[in-house]
file entry_24.txt (compact mmCIF, C-alpha atoms)
# COMPACT_ATOMS: atom_id res chain seq x y z
CA MET A 5 -198.77 14.32 -85.50
CA GLN A 6 -195.26 15.78 -85.46
CA THR A 7 -194.85 19.30 -86.80
CA LYS A 8 -192.12 20.16 -89.28
CA GLN A 9 -190.33 22.06 -86.54
CA GLU A 10 -190.36 19.02 -84.27
CA LEU A 11 -189.00 16.90 -87.11
CA GLU A 12 -186.21 19.39 -87.75
CA GLU A 13 -185.27 19.34 -84.08
CA TRP A 14 -185.34 15.53 -84.08
CA TYR A 15 -183.02 15.47 -87.08
CA GLU A 16 -180.59 18.07 -85.74
CA GLN A 17 -178.29 15.18 -84.90
CA ASP A 18 -177.19 12.47 -87.31
CA ASP A 19 -179.07 9.18 -87.29
CA PRO A 20 -181.45 10.04 -84.40
CA TRP A 21 -183.18 6.64 -84.67
CA GLU A 22 -179.74 4.97 -84.46
CA TYR A 23 -180.55 2.89 -87.51
CA THR A 24 -176.94 2.54 -88.58
CA VAL A 25 -175.81 1.05 -85.27
CA THR A 26 -178.87 -0.97 -84.26
CA PRO A 27 -178.63 -4.65 -85.28
CA ASP A 28 -182.40 -4.91 -85.80
CA ASP A 29 -182.30 -2.05 -88.30
CA ILE A 30 -179.26 -3.38 -90.10
CA TYR A 31 -181.16 -6.70 -90.33
CA ARG A 32 -184.32 -4.92 -91.52
CA LYS A 33 -182.41 -3.11 -94.25
CA ARG A 34 -180.75 -6.31 -95.46
CA PHE A 35 -184.12 -8.06 -95.37
CA TYR A 36 -185.81 -5.41 -97.52
CA LEU A 37 -182.96 -5.29 -100.02
CA THR A 38 -182.86 -9.09 -100.38
CA VAL A 39 -186.61 -9.20 -100.94
CA LEU A 40 -186.17 -6.58 -103.66
CA GLU A 41 -183.30 -8.59 -105.13
CA ASP A 42 -185.54 -11.64 -105.20
CA LEU A 43 -188.02 -9.74 -107.35
CA GLY A 44 -185.32 -10.16 -109.98
CA GLU A 45 -185.49 -6.65 -111.37
CA TYR A 46 -183.19 -3.69 -111.48
CA PHE A 47 -185.67 -0.85 -111.38
CA ASP A 48 -185.64 2.21 -113.61
CA ARG A 49 -187.03 4.64 -111.07
CA ALA A 50 -187.51 4.21 -107.34
CA LEU A 51 -189.24 6.54 -104.90
CA ASP A 52 -188.80 6.34 -101.12
CA ILE A 53 -191.54 8.23 -99.31
CA GLY A 54 -190.51 9.41 -95.86
CA ALA A 55 -186.89 8.55 -96.58
CA GLY A 56 -185.37 10.23 -93.54
CA GLU A 57 -181.62 10.42 -94.09
CA GLY A 58 -181.81 7.65 -96.68
CA PHE A 59 -180.73 4.72 -94.50
CA ILE A 60 -182.31 2.37 -97.05
CA THR A 61 -182.89 4.73 -99.97
CA GLY A 62 -179.35 4.95 -101.30
CA ASP A 63 -179.12 1.18 -101.70
CA LEU A 64 -182.35 0.66 -103.59
CA PRO A 65 -181.71 -1.31 -106.80
CA ALA A 66 -182.68 1.41 -109.25
CA LYS A 67 -181.04 3.59 -111.90
CA GLU A 68 -182.72 6.75 -110.61
CA ILE A 69 -183.71 7.20 -106.97
CA HIS A 70 -185.96 9.93 -105.62
CA ALA A 71 -186.80 10.61 -101.99
CA ILE A 72 -189.60 12.55 -100.38
CA GLU A 73 -188.64 13.81 -96.94
CA ILE A 74 -190.24 16.68 -95.03
CA SER A 75 -187.27 17.42 -92.80
CA ASP A 76 -184.61 19.63 -94.41
CA ASN A 77 -182.08 18.47 -91.84
CA ALA A 78 -182.68 14.81 -92.70
CA ALA A 79 -182.79 15.47 -96.44
CA SER A 80 -179.47 17.33 -96.28
CA ARG A 81 -177.86 14.00 -95.36
CA LEU A 82 -179.40 11.91 -98.14
CA PRO A 83 -176.83 9.85 -100.07
CA LYS A 84 -175.38 11.49 -103.19
CA ASN A 85 -177.14 9.06 -105.53
CA VAL A 86 -180.54 10.11 -104.18
CA GLU A 87 -182.42 13.17 -105.41
CA ARG A 88 -184.82 14.88 -103.06
CA VAL A 89 -188.20 15.71 -104.56
CA PHE A 90 -191.20 17.32 -102.94
CA VAL A 91 -193.86 15.53 -104.95
CA PRO A 92 -193.57 12.43 -107.15
CA GLU A 93 -192.11 13.33 -110.54
CA GLY A 94 -193.96 10.99 -112.85
CA LYS A 95 -194.30 7.27 -112.27
CA TYR A 96 -191.95 4.92 -110.45
CA ASP A 97 -191.64 1.18 -110.96
CA LEU A 98 -190.69 0.86 -107.28
CA VAL A 99 -192.29 2.83 -104.47
CA LEU A 100 -191.11 2.20 -100.93
CA VAL A 101 -192.89 3.46 -97.86
CA THR A 102 -191.69 2.25 -94.48
CA GLY A 103 -192.68 3.22 -90.97
CA LEU A 104 -195.13 5.81 -92.21
CA LEU A 105 -198.60 4.42 -92.88
CA TYR A 106 -199.49 4.76 -89.22
CA ARG A 107 -202.45 6.43 -87.59
CA GLN A 108 -200.16 9.03 -85.99
CA TYR A 109 -199.13 10.35 -89.42
CA ASP A 110 -201.09 11.83 -92.32
CA HIS A 111 -201.60 8.34 -93.72
CA GLU A 112 -204.38 9.17 -96.18
CA ARG A 113 -202.21 11.74 -97.92
CA ILE A 114 -199.25 9.38 -97.90
CA ALA A 115 -201.37 6.57 -99.38
CA ARG A 116 -202.53 8.89 -102.14
CA LEU A 117 -198.93 9.85 -102.88
CA VAL A 118 -197.97 6.18 -103.10
CA SER A 119 -200.88 5.32 -105.33
CA ASN A 120 -200.32 8.25 -107.68
CA ALA A 121 -196.60 7.54 -107.99
CA ALA A 122 -196.63 3.77 -108.46
CA SER A 123 -196.53 1.93 -111.76
CA LYS A 124 -195.33 -1.55 -110.83
CA TYR A 125 -194.31 -2.49 -107.28
CA VAL A 126 -195.21 -0.93 -103.95
CA CYS A 127 -193.35 -2.10 -100.86
CA VAL A 128 -194.79 -1.23 -97.47
CA GLY A 129 -192.93 -1.85 -94.25
CA GLY A 130 -193.65 -1.10 -90.64
CA ILE A 131 -194.62 -2.31 -87.22
CA GLU A 132 -197.41 -4.82 -87.58
CA ASP A 133 -199.63 -3.45 -84.83
CA TRP A 134 -199.43 0.11 -86.19
CA LEU A 135 -199.53 -0.40 -89.93
CA LEU A 136 -202.81 0.55 -91.57
CA PRO A 137 -204.08 -1.93 -94.16
CA TYR A 138 -203.91 0.06 -97.38
CA PRO A 139 -204.24 -2.34 -100.34
CA PHE A 140 -202.06 -1.05 -103.14
CA GLY A 141 -202.85 -3.91 -105.49
CA ARG A 142 -202.21 -7.63 -105.47
CA MET A 143 -200.03 -8.68 -102.58
CA VAL A 144 -197.10 -10.63 -104.00
CA GLU A 145 -195.35 -11.40 -100.74
CA THR A 146 -195.67 -10.64 -97.07
CA PHE A 147 -192.99 -11.15 -94.45
CA ARG A 148 -193.01 -10.91 -90.68
CA PHE A 149 -189.97 -10.77 -88.42
CA PRO A 150 -189.11 -9.64 -84.90
CA TYR A 151 -187.95 -6.03 -84.78
CA ARG A 152 -186.86 -4.31 -81.57
CA GLU A 153 -189.75 -5.12 -79.18
CA TYR A 154 -192.27 -5.43 -82.02
CA THR A 155 -193.11 -7.55 -85.03
CA SER A 156 -192.27 -5.90 -88.32
CA VAL A 157 -194.01 -6.64 -91.58
CA PHE A 158 -192.89 -6.03 -95.13
CA ASN A 159 -195.55 -6.30 -97.83
CA VAL A 160 -194.81 -6.35 -101.54
CA TYR A 161 -197.71 -5.34 -103.81
CA LYS A 162 -197.96 -5.53 -107.56
CA TYR A 163 -199.57 -2.16 -108.09
CA GLU A 164 -203.02 -2.12 -109.65
CA ARG A 165 -204.61 1.03 -110.94
CA TYR A 166 -208.00 0.60 -109.36
CA SER A 167 -206.70 1.55 -105.93
CA PRO A 168 -209.22 4.01 -104.50
CA TRP A 169 -206.58 6.68 -103.82
CA SER A 170 -205.26 7.04 -107.36
CA GLY A 171 -206.32 10.08 -109.27
CA MET B 20 -188.49 -39.18 -94.95
CA GLU B 21 -186.70 -38.68 -98.23
CA ARG B 22 -182.98 -38.61 -97.78
CA LEU B 23 -180.96 -35.61 -98.84
CA ARG B 24 -177.23 -35.91 -99.31
CA LEU B 25 -175.05 -32.99 -98.29
CA ALA B 26 -172.44 -31.15 -100.35
CA HIS B 27 -170.79 -27.75 -100.37
CA ASN B 28 -168.17 -27.07 -103.03
CA ILE B 29 -167.51 -28.94 -106.22
CA GLY B 30 -163.75 -29.25 -106.63
CA ASP B 31 -160.67 -31.36 -106.09
CA GLU B 32 -159.56 -30.15 -102.62
CA ASN B 33 -159.08 -33.02 -100.19
CA HIS B 34 -161.49 -31.67 -97.57
CA SER B 35 -164.99 -32.52 -96.35
CA ASN B 36 -166.31 -29.28 -97.85
CA TYR B 37 -165.43 -30.48 -101.35
CA HIS B 38 -166.78 -33.15 -103.63
CA THR B 39 -165.40 -33.91 -107.03
CA ARG B 40 -167.50 -33.69 -110.14
CA GLU B 41 -167.35 -37.49 -110.36
CA GLN B 42 -168.69 -37.89 -106.84
CA ILE B 43 -171.62 -35.57 -107.54
CA LEU B 44 -172.31 -37.36 -110.82
CA ALA B 45 -172.29 -40.73 -109.08
CA CYS B 46 -174.80 -39.66 -106.41
CA ASP B 47 -178.25 -41.08 -107.13
CA GLU B 48 -180.04 -39.41 -104.21
CA PRO B 49 -181.25 -35.79 -103.92
CA ILE B 50 -178.47 -33.42 -102.89
CA GLY B 51 -178.65 -30.42 -100.59
CA PHE B 52 -175.98 -27.88 -101.48
CA ASP B 53 -175.18 -25.61 -98.55
CA GLY B 54 -173.92 -22.13 -99.31
CA VAL B 55 -174.45 -22.10 -102.28
CA TYR B 56 -170.85 -21.91 -103.51
CA ARG B 57 -169.92 -20.43 -106.87
CA SER B 58 -168.16 -23.70 -107.72
CA VAL B 59 -171.59 -25.34 -107.94
CA TYR B 60 -172.65 -22.75 -110.50
CA GLU B 61 -169.41 -23.17 -112.43
CA ASN B 62 -169.83 -26.96 -112.53
CA GLN B 63 -173.54 -26.88 -113.13
CA ASP B 64 -173.43 -29.39 -115.95
CA VAL B 65 -173.14 -32.13 -113.30
CA LEU B 66 -176.55 -31.11 -111.94
CA LYS B 67 -178.32 -32.38 -115.04
CA ASP B 68 -180.60 -35.24 -113.99
CA LYS B 69 -179.97 -34.41 -110.31
CA SER B 70 -182.47 -33.01 -107.85
CA GLY B 71 -182.35 -31.44 -104.42
CA ILE B 72 -182.28 -28.16 -102.54
CA MET B 73 -180.00 -25.12 -102.72
CA PHE B 74 -179.70 -23.74 -99.18
CA VAL B 75 -178.60 -20.11 -99.29
CA MET B 76 -177.35 -17.80 -96.52
CA GLY B 77 -178.70 -14.28 -96.74
CA ASN B 78 -175.68 -12.34 -95.48
CA PHE B 79 -173.28 -14.08 -97.84
CA LEU B 80 -175.14 -14.01 -101.15
CA GLY B 81 -172.56 -12.96 -103.72
CA GLY B 82 -169.96 -12.75 -100.95
CA ASN B 83 -167.38 -15.17 -99.63
CA ASN B 84 -166.77 -17.66 -96.82
CA GLU B 85 -164.31 -15.56 -94.86
CA PHE B 86 -166.44 -16.09 -91.73
CA ASP B 87 -165.73 -19.82 -91.95
CA LEU B 88 -162.01 -19.80 -92.82
CA LYS B 89 -161.03 -21.63 -89.64
CA ALA B 90 -163.01 -24.63 -90.85
CA VAL B 91 -162.36 -24.58 -94.59
CA PRO B 92 -159.11 -24.70 -96.56
CA LYS B 93 -159.50 -21.59 -98.69
CA LEU B 94 -161.55 -18.56 -99.53
CA GLU B 95 -164.43 -19.35 -101.87
CA ARG B 96 -167.21 -17.24 -103.30
CA TYR B 97 -170.90 -17.86 -102.91
CA CYS B 98 -173.46 -17.50 -105.68
CA THR B 99 -175.65 -14.46 -105.91
CA LEU B 100 -179.36 -14.95 -105.42
CA ASP B 101 -179.87 -14.59 -109.17
CA GLU B 102 -177.37 -17.36 -109.83
CA VAL B 103 -179.05 -19.71 -107.35
CA LYS B 104 -182.44 -18.96 -108.85
CA GLU B 105 -181.02 -19.64 -112.29
CA LEU B 106 -179.75 -23.05 -111.14
CA CYS B 107 -183.17 -23.82 -109.66
CA SER B 108 -184.87 -22.87 -112.90
CA LEU B 109 -182.53 -24.99 -115.06
CA TYR B 110 -182.31 -28.12 -112.89
CA ALA B 111 -184.62 -30.01 -110.56
CA PHE B 112 -183.57 -28.06 -107.48
CA GLN B 113 -185.60 -25.94 -105.10
CA ILE B 114 -184.38 -23.04 -103.04
CA GLY B 115 -184.01 -23.44 -99.30
CA TRP B 116 -182.78 -21.29 -96.45
CA HIS B 117 -179.62 -21.73 -94.41
CA THR B 118 -180.19 -18.65 -92.19
CA TRP B 119 -178.79 -15.15 -92.60
CA SER B 120 -175.51 -15.44 -90.73
CA HIS B 121 -174.87 -19.17 -90.16
CA ARG B 122 -174.74 -18.84 -86.38
CA ASN B 123 -175.54 -21.87 -84.23
CA LEU B 124 -179.27 -21.38 -83.61
CA CYS B 125 -179.18 -23.18 -80.26
CA GLU B 126 -177.01 -20.39 -78.85
CA LEU B 127 -179.44 -17.61 -79.79
CA SER B 128 -182.48 -16.01 -78.16
CA GLU B 129 -185.93 -16.81 -79.51
CA LYS B 130 -186.03 -13.40 -81.21
CA GLU B 131 -182.67 -13.99 -82.88
CA ILE B 132 -183.71 -17.48 -84.00
CA LEU B 133 -186.88 -16.11 -85.59
CA GLN B 134 -184.88 -13.43 -87.38
CA GLU B 135 -182.29 -15.92 -88.59
CA ILE B 136 -184.77 -18.45 -89.96
CA THR B 137 -187.11 -15.95 -91.64
CA ALA B 138 -186.21 -16.13 -95.31
CA PRO B 139 -186.73 -13.17 -97.65
CA PHE B 140 -188.48 -15.42 -100.16
CA ARG B 141 -190.90 -18.34 -100.08
CA THR B 142 -189.39 -21.67 -99.14
CA LYS B 143 -190.46 -24.81 -97.34
CA TYR B 144 -186.98 -25.99 -96.46
CA LEU B 145 -184.44 -25.01 -93.84
CA ARG B 146 -180.96 -26.35 -93.18
CA TYR B 147 -179.63 -25.77 -89.65
CA PRO B 148 -176.18 -24.16 -89.46
CA TYR B 149 -173.74 -26.84 -88.27
CA GLY B 150 -176.76 -29.19 -88.27
CA GLU B 151 -177.54 -27.99 -84.74
CA TYR B 152 -181.10 -27.89 -83.43
CA CYS B 153 -182.87 -28.03 -80.07
CA SER B 154 -186.51 -27.91 -78.92
CA LYS B 155 -186.51 -24.08 -78.84
CA VAL B 156 -185.24 -23.95 -82.42
CA ILE B 157 -187.75 -26.54 -83.63
CA ASP B 158 -190.60 -24.61 -82.03
CA CYS B 159 -189.53 -21.49 -83.97
CA VAL B 160 -189.17 -23.48 -87.20
CA LYS B 161 -192.77 -24.67 -86.84
CA ARG B 162 -194.01 -21.14 -86.14
CA VAL B 163 -192.34 -19.74 -89.23
CA GLY B 164 -194.06 -22.45 -91.26
CA TYR B 165 -191.32 -24.64 -92.65
CA GLU B 166 -192.34 -28.09 -93.87
CA LYS B 167 -188.94 -29.63 -93.40
CA ALA B 168 -185.75 -28.75 -91.59
CA TYR B 169 -182.55 -30.62 -92.28
CA SER B 170 -179.76 -31.39 -89.88
CA VAL B 171 -176.53 -33.08 -90.80
CA THR B 172 -175.35 -36.23 -89.07
CA GLN B 173 -177.07 -35.24 -85.80
CA GLY B 174 -180.47 -35.81 -87.37
CA VAL B 175 -182.89 -38.73 -87.39
CA GLU B 176 -184.76 -40.47 -90.19
CA ASP B 177 -188.36 -39.94 -89.14
CA HIS B 178 -188.90 -36.34 -87.94
CA PRO B 179 -189.64 -33.50 -90.38
CA TYR B 180 -187.62 -30.96 -88.38
CA LYS B 181 -184.63 -33.16 -87.54
CA ILE B 182 -183.88 -34.74 -90.88
CA PHE B 183 -180.61 -36.59 -91.06
CA SER B 184 -178.30 -35.80 -94.00
CA ASP B 185 -175.07 -37.58 -94.72
CA TYR B 186 -172.43 -36.28 -97.09
CA VAL B 187 -172.48 -37.30 -100.73
CA GLU B 188 -170.49 -40.52 -100.85
CA ARG B 189 -166.79 -40.23 -101.59
CA ILE B 190 -166.19 -43.04 -104.03

call {"tool": "encode", "arguments": {"input": "entry_24.txt", "output": "structure tokens"}}
result
Amino acid sequence: MQTKQELEEWYEQDDPWEYTVTPDDIYRKRFYLTVLEDLGEYFDRALDIGAGEGFITGDLPAKEIHAIEISDNAASRLPKNVERVFVPEGKYDLVLVTGLLYRQYDHERIARLVSNAASKYVCVGGIEDWLLPYPFGRMVETFRFPYREYTSVFNVYKYERYSPWSG
Amino acid sequence: MERLRLAHNIGDENHSNYHTREQILACDEPIGFDGVYRSVYENQDVLKDKSGIMFVMGNFLGGNNEFDLKAVPKLERYCTLDEVKELCSLYAFQIGWHTWSHRNLCELSEKEILQEITAPFRTKYLRYPYGEYCSKVIDCVKRVGYEKAYSVTQGVEDHPYKIFSDYVERI
């Protein structure tokens, strides 16, 4: 697992993952946002967990957008319409967690955060072979598409309270 | 295989991308609208008693056809996804996919084809950009799980992934 110091070093430069210039990531962002558009809702409150510099966060279709990001360097570059928080502040009708529910991260803690914050939809994205199967409720949609040298998945859950990590 | 007529805009321009309201009204076969252009939404009263498929392009939802200006006479807007869904809820139309960027799929890698034809919503129907398909494209279309894929005049009558579509008749 990466330490905070390692994350800060990684985020010393802008866009270290090169999301903004990589066609697969531009595609991935458009894919996510169109799926959210298809849900037909403009959300009241959205939370992006592990938002990085907010590559997707700032464009979420919500009136109020919060982001949880460990790295201060990354969080300093979040878009102006995004507020950084350190823990969920109440409930969110959209919770997004992408590229994070992997074995190499503290996935149990992240899953608990998701479950405690969600009130309506949870969207989970990531590389298919790495993504751990946390069920956040009833799966509404699942999508698979090629991403870099992997297959990426994007799962949309209608959150249900009986998830074992809520508390 | 059920026939699907092809149309783009509803308007009076003298161009293959346009059909008049009268021509749409006179069509008694299902219609596949490619785009879907805002002019279809604005003339939606002619869709009453019609059926068919609205084939949307992901990158251009709510945008315009600037990418295609060499082939069409003027700039036109496309519907937003909400507008297309509204049309599908009001009339006997289903939503289909016309790829993200409208590139010729036969010129792309397998990875790019799979990205282009993966829709961000559930649909059984794909329309090939420019009607162009090849065995590599059809293989990807099967893998993604489409039931039917429509060509234009290059298609045939009896293959679910090469379905022929002619334009709505110009009476």

call {"tool": "closest_residue", "arguments": {"input": "entry_24.txt", "among": "A:Tyr161, A:Tyr23, A:Tyr151, A:Tyr96", "to": "chain B", "atoms": "only C-alpha atoms"}}
result
A:Tyr151

call {"tool": "closest_residue", "arguments": {"input": "entry_24.txt", "among": "A:Arg148, A:His70, A:Lys95, A:Arg113", "to": "Tyr163 (chain A)", "atoms": "only C-alpha atoms"}}
result
A:Lys95

call {"tool": "interface_residues", "arguments": {"input": "entry_24.txt", "of": "chain B", "to": "chain A", "cutoff": "10 Å", "atoms": "all atoms listed in the file", "output": "NGL selection string"}}
result
:B and (77-78 or 80 or 99-101 or 104 or 119 or 129-141 or 163)

call {"tool": "residues_around", "arguments": {"input": "entry_24.txt", "residues": "Arg107 (chain A)", "least_positions_apart": "4", "cutoff": "8 Å", "atoms": "all atoms listed in the file", "output": "list in words"}}
result
His111, Trp134, Leu135 and Leu136 of chain A

call {"tool": "atom_distance", "arguments": {"input": "entry_24.txt", "atom1": "CA of Ile72 (chain A)", "atom2": "CA of Ser156 (chain A)"}}
result
22.2 Å

call {"tool": "atom_distance", "arguments": {"input": "entry_24.txt", "atom1": "CA of Glu48 (chain B)", "atom2": "CA of Ala111 (chain B)"}}
result
12.2 Å

call {"tool": "atom_distance", "arguments": {"input": "entry_24.txt", "atom1": "CA of Gly164 (chain B)", "atom2": "CA of Arg24 (chain B)"}}
result
23.0 Å

call {"tool": "residues_around", "arguments": {"input": "entry_24.txt", "residues": "Asp31 (chain B)", "least_positions_apart": "6", "cutoff": "12 Å", "atoms": "all atoms listed in the file", "output": "PyMOL selection string"}}
result
chain B and resi 37-43+58+92+189

call {"tool": "closest_residue", "arguments": {"input": "entry_24.txt", "among": "A:Pro139, A:Gly62, A:Gly54, A:Pro83", "to": "Leu100 (chain A)", "atoms": "all atoms listed in the file"}}
result
A:Gly54

call {"tool": "closest_residue", "arguments": {"input": "entry_24.txt", "among": "A:Ala50, A:Ile69, A:Ala55, A:Val89", "to": "Tyr125 (chain A)", "atoms": "all atoms listed in the file"}}
result
A:Ala50

call {"tool": "residues_around", "arguments": {"input": "entry_24.txt", "residues": "Val128 (chain A)", "least_positions_apart": "6", "cutoff": "6 Å", "atoms": "only C-alpha atoms", "output": "PyMOL selection string"}}
result
chain A and resi 101-102+158-159

call {"tool": "residues_around", "arguments": {"input": "entry_24.txt", "residues": "Thr24 (chain A)", "least_positions_apart": "5", "cutoff": "12 Å", "atoms": "all atoms listed in the file", "output": "list of chain:residue names"}}
result
A:Asp18, A:Asp19, A:Asp29, A:Ile30, A:Tyr31, A:Arg32, A:Lys33, A:Arg34, A:Glu57, A:Gly58, A:Phe59, A:Ile60

call {"tool": "residues_around", "arguments": {"input": "entry_24.txt", "residues": "Tyr97 (chain B)", "least_positions_apart": "3", "cutoff": "8 Å", "atoms": "only C-alpha atoms", "output": "VMD selection string"}}
result
chain B and resid 54 to 57 79 to 84

call {"tool": "write_last_selection", "arguments": {"input": "entry_24.txt", "atoms": "C-alpha atoms", "output": "PDB file, in the frame of the given file"}}
result
ATOM      1  CA  GLY B  54    -173.920 -22.130 -99.310  1.00  0.00           C
ATOM      2  CA  VAL B  55    -174.450 -22.100-102.280  1.00  0.00           C
ATOM      3  CA  TYR B  56    -170.850 -21.910-103.510  1.00  0.00           C
ATOM      4  CA  ARG B  57    -169.920 -20.430-106.870  1.00  0.00           C
ATOM      5  CA  PHE B  79    -173.280 -14.080 -97.840  1.00  0.00           C
ATOM      6  CA  LEU B  80    -175.140 -14.010-101.150  1.00  0.00           C
ATOM      7  CA  GLY B  81    -172.560 -12.960-103.720  1.00  0.00           C
ATOM      8  CA  GLY B  82    -169.960 -12.750-100.950  1.00  0.00           C
ATOM      9  CA  ASN B  83    -167.380 -15.170 -99.630  1.00  0.00           C
ATOM     10  CA  ASN B  84    -166.770 -17.660 -96.820  1.00  0.00           C
TER      11      ASN B  84
END

call {"tool": "decode", "arguments": {"input": "entry_24.txt", "residues": "region 153-170 of chain B", "atoms": "N, CA and C atoms", "output": "mmCIF file, in the first residue's frame"}}
result
data_model
loop_
_atom_site.group_PDB
_atom_site.id
_atom_site.type_symbol
_atom_site.label_atom_id
_atom_site.label_comp_id
_atom_site.auth_asym_id
_atom_site.auth_seq_id
_atom_site.Cartn_x
_atom_site.Cartn_y
_atom_site.Cartn_z
ATOM 1 N N CYS B 153 -17.309 -5.089 -41.518
ATOM 2 C CA CYS B 153 -16.430 -6.132 -42.054
ATOM 3 C C CYS B 153 -16.451 -7.263 -41.032
ATOM 4 N N SER B 154 -15.793 -8.365 -41.310
ATOM 5 C CA SER B 154 -15.888 -9.535 -40.417
ATOM 6 C C SER B 154 -15.354 -9.208 -39.018
ATOM 7 N N LYS B 155 -14.299 -8.401 -38.936
ATOM 8 C CA LYS B 155 -13.739 -8.020 -37.626
ATOM 9 C C LYS B 155 -14.770 -7.217 -36.821
ATOM 10 N N VAL B 156 -15.453 -6.331 -37.482
ATOM 11 C CA VAL B 156 -16.467 -5.511 -36.812
ATOM 12 C C VAL B 156 -17.627 -6.397 -36.352
ATOM 13 N N ILE B 157 -18.076 -7.286 -37.215
ATOM 14 C CA ILE B 157 -19.214 -8.147 -36.866
ATOM 15 C C ILE B 157 -18.860 -9.043 -35.678
ATOM 16 N N ASP B 158 -17.641 -9.530 -35.648
ATOM 17 C CA ASP B 158 -17.205 -10.347 -34.511
ATOM 18 C C ASP B 158 -17.311 -9.546 -33.204
ATOM 19 N N CYS B 159 -16.892 -8.294 -33.233
ATOM 20 C CA CYS B 159 -16.982 -7.438 -32.034
ATOM 21 C C CYS B 159 -18.442 -7.172 -31.665
ATOM 22 N N VAL B 160 -19.267 -6.953 -32.660
ATOM 23 C CA VAL B 160 -20.694 -6.665 -32.419
ATOM 24 C C VAL B 160 -21.349 -7.849 -31.710
ATOM 25 N N LYS B 161 -20.988 -9.056 -32.124
ATOM 26 C CA LYS B 161 -21.511 -10.264 -31.459
ATOM 27 C C LYS B 161 -21.032 -10.331 -30.023
ATOM 28 N N ARG B 162 -19.751 -10.047 -29.819
ATOM 29 C CA ARG B 162 -19.174 -10.138 -28.462
ATOM 30 C C ARG B 162 -19.820 -9.150 -27.504
ATOM 31 N N VAL B 163 -20.138 -7.987 -27.996
ATOM 32 C CA VAL B 163 -20.759 -6.978 -27.128
ATOM 33 C C VAL B 163 -22.213 -7.334 -26.831
ATOM 34 N N GLY B 164 -22.814 -8.159 -27.685
ATOM 35 C CA GLY B 164 -24.138 -8.686 -27.367
ATOM 36 C C GLY B 164 -25.304 -8.043 -28.102
ATOM 37 N N TYR B 165 -25.022 -7.343 -29.166
ATOM 38 C CA TYR B 165 -26.124 -6.758 -29.942
ATOM 39 C C TYR B 165 -26.973 -7.857 -30.589
ATOM 40 N N GLU B 166 -28.268 -7.594 -30.703
ATOM 41 C CA GLU B 166 -29.147 -8.512 -31.434
ATOM 42 C C GLU B 166 -29.159 -8.210 -32.925
ATOM 43 N N LYS B 167 -29.093 -6.904 -33.224
ATOM 44 C CA LYS B 167 -29.143 -6.513 -34.631
ATOM 45 C C LYS B 167 -28.212 -5.345 -34.880
ATOM 46 N N ALA B 168 -27.578 -5.378 -36.042
ATOM 47 C CA ALA B 168 -26.750 -4.243 -36.448
ATOM 48 C C ALA B 168 -27.133 -3.871 -37.868
ATOM 49 N N TYR B 169 -27.372 -2.581 -38.050
ATOM 50 C CA TYR B 169 -27.912 -2.088 -39.310
ATOM 51 C C TYR B 169 -26.838 -1.388 -40.129
ATOM 52 N N SER B 170 -26.809 -1.754 -41.396
ATOM 53 C CA SER B 170 -25.980 -1.042 -42.356
ATOM 54 C C SER B 170 -26.868 -0.028 -43.066
#
